[in-house]
Amino acid sequence: MIEKLKELIKSAHIRIAPATGISFIVMAYFSKRVLPEPIAYLPLAIPPFIASIFEVILSKHKKKKIATTWYLVAAILITTAFIITFYAVKFF
């Protein structure tokens, strides 16, 4: 039982979901409270789309360096920062 729990925690899926969720919540907060106009629907869908692409890469290339979870987490967070910055510069 403990072995399965440890394996589950080490799973890439467990690390991807919080990064995508935090990204989505941060973008929603900035869209609603900080930016003068809401972020469009398509940019809000980019981080979950990146996560979906990574799931495909992970299933096909498990032992490759490109399938490292931290690459995906960094890509999601950098994309989130880019989207927020783009909309902030666009309107200010």
# chains A, B, ... in the order shown; residues from 1 in each chain; ligands from 1

$ residues_around --residues "range 32-36 of chain A" --least-positions-apart "4" --cutoff "10 Å" --atoms "only C-alpha atoms" --output "list in words"
Val26, Met27, Ala28, Ile84, Tyr87, Ala88, Val89, Lys90, Phe91 and Phe92 of chain A

$ residues_around --residues "Ser59 in chain A" --least-positions-apart "6" --cutoff "12 Å" --atoms "only C-alpha atoms" --output "MDAnalysis selection string"
chainID A and resid 12:13 52:53 66:68

$ closest_residue --among "A:Ile14, A:Leu8, A:Ile83, A:Leu72" --to "Ala45 in chain A" --atoms "only C-alpha atoms"
A:Ile83

$ residues_around --residues "Ser23 in chain A" --least-positions-apart "2" --cutoff "10 Å" --atoms "only C-alpha atoms" --output "VMD selection string"
chain A and resid 17 to 21 25 to 29 44 47 to 48 73 76 to 81

$ select_by_dssp --residues "range 5-92 of chain A" --states "helix (DSSP H, G or I)" --output "PyMOL selection string"
chain A and resi 5-10+12-34+41-44+46-60+65-67+69-91

$ atom_distance --atom1 "CA of Lys62 in chain A" --atom2 "CA of Ser11 in chain A"
11.6 Å

$ atom_distance --atom1 "CA of Glu37 in chain A" --atom2 "CA of Phe86 in chain A"
12.3 Å

$ atom_distance --atom1 "CA of Lys10 in chain A" --atom2 "CA of Ile57 in chain A"
17.5 Å
